[in-house]
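Engineer: Got a structure for you, written out below as structure tokens; questions coming shortly.
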Amino acid sequence: MATASGHTSAIRAKKVIGTSVYDGSGRKIGAIEDVVLDKQSDSIMFAVVGFGGFLGIGEKYHPIPWSSLDYSESDGAYVVPYTEAQLRAAPNGSIDELTREGGIAVRDTTYDYYKAPRYWE
């Protein structure tokens with residue numbers, strides 16, 4: 001059953017990884033490369049969206065709050081309410097950098113940047 005945001009109650013991570021991500025104008029910006037879990041709160045910390053590269057070269061990985069992704073059944077993709085400029089200026093790094101020291105610093109910076117509601121408070 002879908003929630004108000006279009007999310008379903010349960011989905012397997014392997015179905016999410018590789019799913020395309022579009023900006024609000026309908027332009028494909030990348031794909032979900034990973035989903036980072038917060039083991040202490042039993043929540044999804046963020047999705048990792050890869051974009052900007054060619055065949056894996058020069059690609060940047062951007063953490064995006066899970067609550068910011070809205071699934072579009074008609075497109076078979078997630079849509080984010082951000083502009084290309086916002087996404088390019090957003091926190092990014094390698095997947096190892098995004099999860100260093102438990103990912104807490106990146107999580108906090110990401111949620112502050114996107115002004116997303118904090119699931120942990």
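Residues are referred to by chain and number: the chain letter is A, B, ... according to the order shown in the structure tokens, the number counts from 1 in that chain, and ligands are numbered separately from 1 in the order shown.
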At a cut-off of 7 Å, using only C-alpha atoms, what residues contact A:Ala31? Leave out same-chain residues fewer than 6 positions from it and give the result as a PDB file with N, CA and C atoms, in the first residue's frame.
Structural biologist:
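As written to disk, selection-v2.pdb reads:
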```pdb
ATOM      1  N   GLY A  18      19.621   1.085  -8.785  1.00  0.00           N
ATOM      2  CA  GLY A  18      19.583   1.105 -10.239  1.00  0.00           C
ATOM      3  C   GLY A  18      18.389   1.869 -10.803  1.00  0.00           C
ATOM      4  N   THR A  19      17.438   2.219  -9.944  1.00  0.00           N
ATOM      5  CA  THR A  19      16.266   2.964 -10.408  1.00  0.00           C
ATOM      6  C   THR A  19      16.667   4.387 -10.775  1.00  0.00           C
ATOM      7  N   SER A  20      16.163   4.865 -11.886  1.00  0.00           N
ATOM      8  CA  SER A  20      16.464   6.219 -12.354  1.00  0.00           C
ATOM      9  C   SER A  20      15.887   7.258 -11.403  1.00  0.00           C
ATOM     10  N   VAL A  21      16.531   8.424 -11.393  1.00  0.00           N
ATOM     11  CA  VAL A  21      16.081   9.564 -10.600  1.00  0.00           C
ATOM     12  C   VAL A  21      15.969  10.762 -11.538  1.00  0.00           C
ATOM     13  N   VAL A  49      22.650   8.794  -4.817  1.00  0.00           N
ATOM     14  CA  VAL A  49      22.344   8.959  -6.232  1.00  0.00           C
ATOM     15  C   VAL A  49      23.635   9.309  -6.966  1.00  0.00           C
ATOM     16  N   GLY A  50      23.930   8.545  -7.992  1.00  0.00           N
ATOM     17  CA  GLY A  50      25.115   8.793  -8.798  1.00  0.00           C
ATOM     18  C   GLY A  50      24.741   9.530 -10.060  1.00  0.00           C
ATOM     19  N   PHE A  51      25.476  10.602 -10.363  1.00  0.00           N
ATOM     20  CA  PHE A  51      25.263  11.292 -11.632  1.00  0.00           C
ATOM     21  C   PHE A  51      26.491  12.096 -12.016  1.00  0.00           C
TER      22      PHE A  51
END
```
Engineer: Considering only alpha helix (DSSP H) as DSSP defines it on the backbone, what residues of chain A qualify? List them as an MDAnalysis selection string.
Structural biologist: chainID A and resid 13:16 84:89 95:98 104:114
Engineer: If we count only C-alpha atoms and set the cut-off at 10 Å, which residues sit around stretch 107-116 of chain A, ignoring sequence neighbours fewer than 6 positions away in its own chain? Please answer as an MDAnalysis selection string.
Structural biologist: chainID A and resid 36 38 45:46 62:68 81:82 86:87 89:92 98:99
Engineer: Save out the residues we just selected, C-alpha atoms, as a short mmCIF file (atom, residue, chain, number, x, y, z; two decimals), in the first residue's frame.
Structural biologist:
```cif
data_model
loop_
_atom_site.label_atom_id
_atom_site.label_comp_id
_atom_site.auth_asym_id
_atom_site.auth_seq_id
_atom_site.Cartn_x
_atom_site.Cartn_y
_atom_site.Cartn_z
CA VAL A 36 22.29 3.70 3.49
CA ASP A 38 20.70 3.90 10.11
CA MET A 45 19.59 7.40 6.43
CA PHE A 46 19.70 8.42 2.75
CA HIS A 62 25.07 12.48 -3.72
CA PRO A 63 23.24 11.52 -0.54
CA ILE A 64 19.57 12.50 -0.77
CA PRO A 65 17.13 12.15 2.14
CA TRP A 66 14.87 9.18 1.49
CA SER A 67 11.80 11.32 2.24
CA SER A 68 12.74 13.59 -0.71
CA PRO A 81 12.00 18.36 -5.99
CA TYR A 82 15.42 19.90 -6.61
CA GLN A 86 20.85 22.51 -6.25
CA LEU A 87 21.93 18.96 -6.91
CA ALA A 89 26.03 22.12 -5.29
CA ALA A 90 24.85 19.44 -2.84
CA PRO A 91 27.09 17.41 -0.53
CA ASN A 92 28.80 14.59 -2.42
CA LEU A 98 29.54 9.24 2.61
CA THR A 99 29.49 6.43 5.16
#
```
Engineer: As an exercise, work out the distance from atom CA of A:Ala85 to atom CA of A:Arg118 in Å and give it to one decimal place.
Structural biologist: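 Interatomic distance, atom CA of A:Ala85 to atom CA of A:Arg118: 23.0 Å.
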Engineer: Which value, in Å to one decimal, gives the distance between atom CA of A:Ile17 and atom CA of A:Ile32?
Structural biologist: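 These atoms are spaced 5.1 Å apart.
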Engineer: Would you compute the distance between atom CA of A:Gln40 and atom CA of A:Pro117? Give it in Å to one decimal.
Structural biologist: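 Interatomic distance here is 17.9 Å.
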Engineer: Write out as a PyMOL selection string the set of residues from chain A that DSSP, computed on the backbone, places in strand (DSSP E).
Structural biologist: chain A and resi 20-22+28-38+43-51+60-64+70-72+77-79
Engineer: Go through A:Ala10, A:Asp75, A:Tyr119, A:Ser94 one by one, measure the shortest atom-to-atom distance of each to A:Lys28 using only C-alpha atoms, and give the residue with the smallest value.
Structural biologist: A:Asp75
